[in-house]
$ cat final28.cif   # mmCIF, C-alpha atoms
data_target
loop_
_atom_site.label_atom_id
_atom_site.label_comp_id
_atom_site.auth_asym_id
_atom_site.auth_seq_id
_atom_site.Cartn_x
_atom_site.Cartn_y
_atom_site.Cartn_z
CA MET K 24 40.01 26.18 -29.53
CA ALA K 25 37.58 24.11 -31.56
CA PRO K 26 34.04 23.76 -30.20
CA SER K 27 33.18 20.44 -28.65
CA LYS K 28 30.65 18.02 -30.08
CA LEU K 29 28.06 19.15 -27.51
CA GLU K 30 28.59 22.83 -28.36
CA ARG K 31 28.20 22.10 -32.08
CA PHE K 32 24.96 20.23 -31.40
CA ARG K 33 23.67 23.13 -29.29
CA ASP K 34 24.55 25.67 -31.98
CA ALA K 35 22.92 23.54 -34.70
CA HIS K 36 19.64 22.87 -32.89
CA PHE K 37 19.30 25.93 -30.61
CA PRO K 38 20.29 29.11 -32.40
CA GLN K 39 21.61 31.92 -30.24
CA ALA K 40 19.55 35.01 -29.48
CA ASP K 41 20.77 38.54 -30.38
CA ASP K 42 22.21 39.26 -26.91
CA GLU K 43 24.05 35.95 -26.92
CA ALA K 44 25.49 36.60 -30.38
CA SER K 45 27.30 39.67 -29.07
CA GLY K 46 29.65 37.40 -27.13
CA GLN K 47 28.59 38.42 -23.67
CA PRO K 48 28.25 35.49 -21.25
CA THR K 49 24.70 34.76 -20.24
CA GLU K 50 23.26 33.02 -17.22
CA ARG K 51 21.71 30.23 -19.25
CA SER K 52 22.92 28.31 -22.21
CA VAL K 53 19.88 26.04 -22.15
CA PRO K 54 16.73 27.19 -23.95
CA LEU K 55 13.98 28.46 -21.69
CA ARG K 56 11.12 26.10 -20.94
CA ARG K 57 7.60 26.87 -19.91
CA ILE K 58 7.23 26.47 -16.17
CA ASP K 59 3.91 25.17 -14.84
CA PRO K 60 2.33 27.14 -12.00
CA PRO K 61 2.46 25.62 -8.53
CA HIS K 62 -0.28 23.22 -7.51
CA SER K 63 -1.93 25.79 -5.28
CA GLU K 64 -2.54 28.11 -8.23
CA LYS K 65 -4.20 25.44 -10.35
CA SER K 66 -7.95 25.48 -10.11
CA SER K 67 -9.10 21.88 -10.39
CA PRO K 68 -12.07 21.24 -8.10
CA ARG K 69 -12.11 17.81 -6.53
CA ARG K 70 -15.03 15.68 -7.58
CA ARG K 71 -17.26 14.40 -4.82
CA ARG K 72 -18.20 10.74 -4.72
CA GLY K 73 -21.73 9.83 -5.64
CA VAL K 74 -24.03 7.49 -3.80
CA PHE K 75 -22.72 4.41 -5.64
CA GLY K 76 -19.12 5.43 -5.01
CA ARG K 77 -19.73 5.76 -1.29
CA ALA K 78 -21.58 2.45 -1.20
CA TYR K 79 -18.68 0.78 -3.05
CA VAL K 80 -16.14 2.15 -0.57
CA GLY K 81 -18.32 1.03 2.35
CA LEU K 82 -18.68 -2.45 0.88
CA LYS K 83 -14.92 -2.72 0.38
CA LEU K 84 -14.37 -1.65 3.98
CA ILE K 85 -16.84 -4.23 5.31
CA LEU K 86 -15.34 -7.01 3.18
CA THR K 87 -11.85 -6.09 4.36
CA LEU K 88 -12.52 -5.63 8.06
CA GLY K 89 -15.25 -8.27 8.47
CA PRO K 90 -12.98 -11.34 8.52
CA LEU K 91 -10.55 -9.53 10.79
CA ALA K 92 -13.33 -8.74 13.25
CA PHE K 93 -14.48 -12.37 13.09
CA LEU K 94 -10.97 -13.62 13.93
CA LEU K 95 -10.57 -11.17 16.78
CA LEU K 96 -13.98 -11.99 18.26
CA SER K 97 -13.37 -15.72 18.05
CA ALA K 98 -10.00 -15.23 19.78
CA VAL K 99 -11.57 -13.60 22.84
CA ALA K 100 -14.83 -15.57 22.90
CA GLU K 101 -15.32 -18.17 25.61
CA CYS K 102 -15.76 -21.81 24.71
CA GLY K 103 -17.92 -24.28 26.57
CA PRO K 104 -21.37 -24.57 28.11
CA ARG K 105 -20.99 -21.44 30.26
CA SER K 106 -20.15 -19.18 27.33
CA SER K 107 -22.06 -15.98 26.79
CA ALA K 108 -25.49 -16.24 25.24
CA LEU K 109 -24.90 -12.97 23.39
CA LEU K 110 -22.41 -14.51 20.99
CA PRO K 111 -23.71 -16.35 17.92
CA ASP K 112 -23.18 -20.12 17.73
CA PHE K 113 -20.64 -19.93 14.92
CA LEU K 114 -18.42 -17.65 17.03
CA GLN K 115 -18.57 -20.07 19.95
CA ALA K 116 -17.79 -22.98 17.62
CA SER K 117 -14.85 -21.15 16.08
CA ALA K 118 -13.52 -20.30 19.56
CA CYS K 119 -13.73 -23.98 20.53
CA ALA K 120 -12.00 -25.00 17.30
CA ARG K 121 -9.25 -22.46 17.90
CA ARG K 122 -8.75 -23.75 21.46
CA ASP K 123 -8.58 -27.38 20.29
CA LEU K 124 -6.17 -26.54 17.50
CA THR K 125 -3.92 -24.62 19.87
CA ARG K 126 -3.99 -27.46 22.39
CA HIS K 127 -3.00 -29.98 19.71
CA ALA K 128 -0.25 -27.72 18.36
CA TRP K 129 1.29 -27.35 21.83
CA SER K 130 1.09 -31.07 22.60
CA ILE K 131 2.33 -32.34 19.23
CA GLU K 132 5.94 -32.55 20.44
CA SER K 133 5.07 -34.89 23.29
CA THR K 134 2.75 -36.91 21.03
CA LEU K 135 5.44 -37.38 18.39
CA LYS K 136 7.97 -38.26 21.07
CA THR K 137 5.63 -40.95 22.43
CA VAL K 138 5.08 -42.37 18.93
CA SER K 139 8.81 -42.38 18.26
CA ASP K 140 9.53 -44.17 21.57
CA ARG K 141 6.91 -46.84 20.75
CA LEU K 142 8.45 -47.43 17.32
CA ARG K 143 11.93 -48.06 18.78
#
$ encode --input "final28.cif" --output "structure tokens"
Amino acid sequence: MAPSKLERFRDAHFPQADDEASGQPTERSVPLRRIDPPHSEKSSPRRRRGVFGRAYVGLKLILTLGPLAFLLLSAVAECGPRSSALLPDFLQASACARRDLTRHAWSIESTLKTVSDRLR
């Protein structure tokens, strides 16, 4: 039987070794490749962050979590004259604004219904 196109390519680009030339079947017909050692055997020490690297990570963390903390605090803050004196004024103001916005969002259906009834 004539060799296939793939077998001809293999024979042209990957010559057979002496034990393969004898006609005995081998386990591999693909050329051997170098195998890298497992990751545990590699010795690459991990670099530690410097002072500026740690400060940069801390700044990123503050900038990421700061607005989230502001939103959560303004959600649980009390609004009105009897609110806690421990909270800053901008947190009290944002809590009042959140309460007013929520009140208007819940009552918009009845407001629009009243406007629509007046227009008819």
$ atom_distance --input "final28.cif" --atom1 "atom CA of K:Leu88" --atom2 "atom CA of K:Pro111"
18.4 Å
$ axis_aligned_box --input "final28.cif" --around "stretch 96-106 of chain K" --padding-each-side "8 Å" --output "lines of an AutoDock Vina configuration file"
center_x = -15.7
center_y = -18.3
center_z = 24.2
size_x = 27.4
size_y = 28.6
size_z = 28.2
$ atom_distance --input "final28.cif" --atom1 "atom CA of K:Ala118" --atom2 "atom CA of K:Glu101"
6.7 Å
$ atom_distance --input "final28.cif" --atom1 "atom CA of K:Thr87" --atom2 "atom CA of K:Phe75"
18.1 Å
$ residues_around --input "final28.cif" --residues "stretch 122-130 of chain K" --least-positions-apart "4" --cutoff "9 Å" --atoms "all atoms listed in the file" --output "list in words"
Ala98, Cys102, Ser117, Ala118, Thr134 and Leu135 of chain K
$ write_last_selection --input "final28.cif" --atoms "C-alpha atoms" --output "PDB file, keeping the file's coordinate frame"
ATOM      1  CA  ALA K  98     -10.000 -15.230  19.780  1.00  0.00           C
ATOM      2  CA  CYS K 102     -15.760 -21.810  24.710  1.00  0.00           C
ATOM      3  CA  SER K 117     -14.850 -21.150  16.080  1.00  0.00           C
ATOM      4  CA  ALA K 118     -13.520 -20.300  19.560  1.00  0.00           C
ATOM      5  CA  THR K 134       2.750 -36.910  21.030  1.00  0.00           C
ATOM      6  CA  LEU K 135       5.440 -37.380  18.390  1.00  0.00           C
TER       7      LEU K 135
END
$ residues_around --input "final28.cif" --residues "K:Leu114" --least-positions-apart "4" --cutoff "8 Å" --atoms "only C-alpha atoms" --output "PyMOL selection string"
chain K and resi 93+96-97+100+110+118
$ closest_residue --input "final28.cif" --among "K:Ala92, K:Leu142, K:Ile131, K:Val99" --to "K:Cys119" --atoms "all atoms listed in the file"
K:Val99
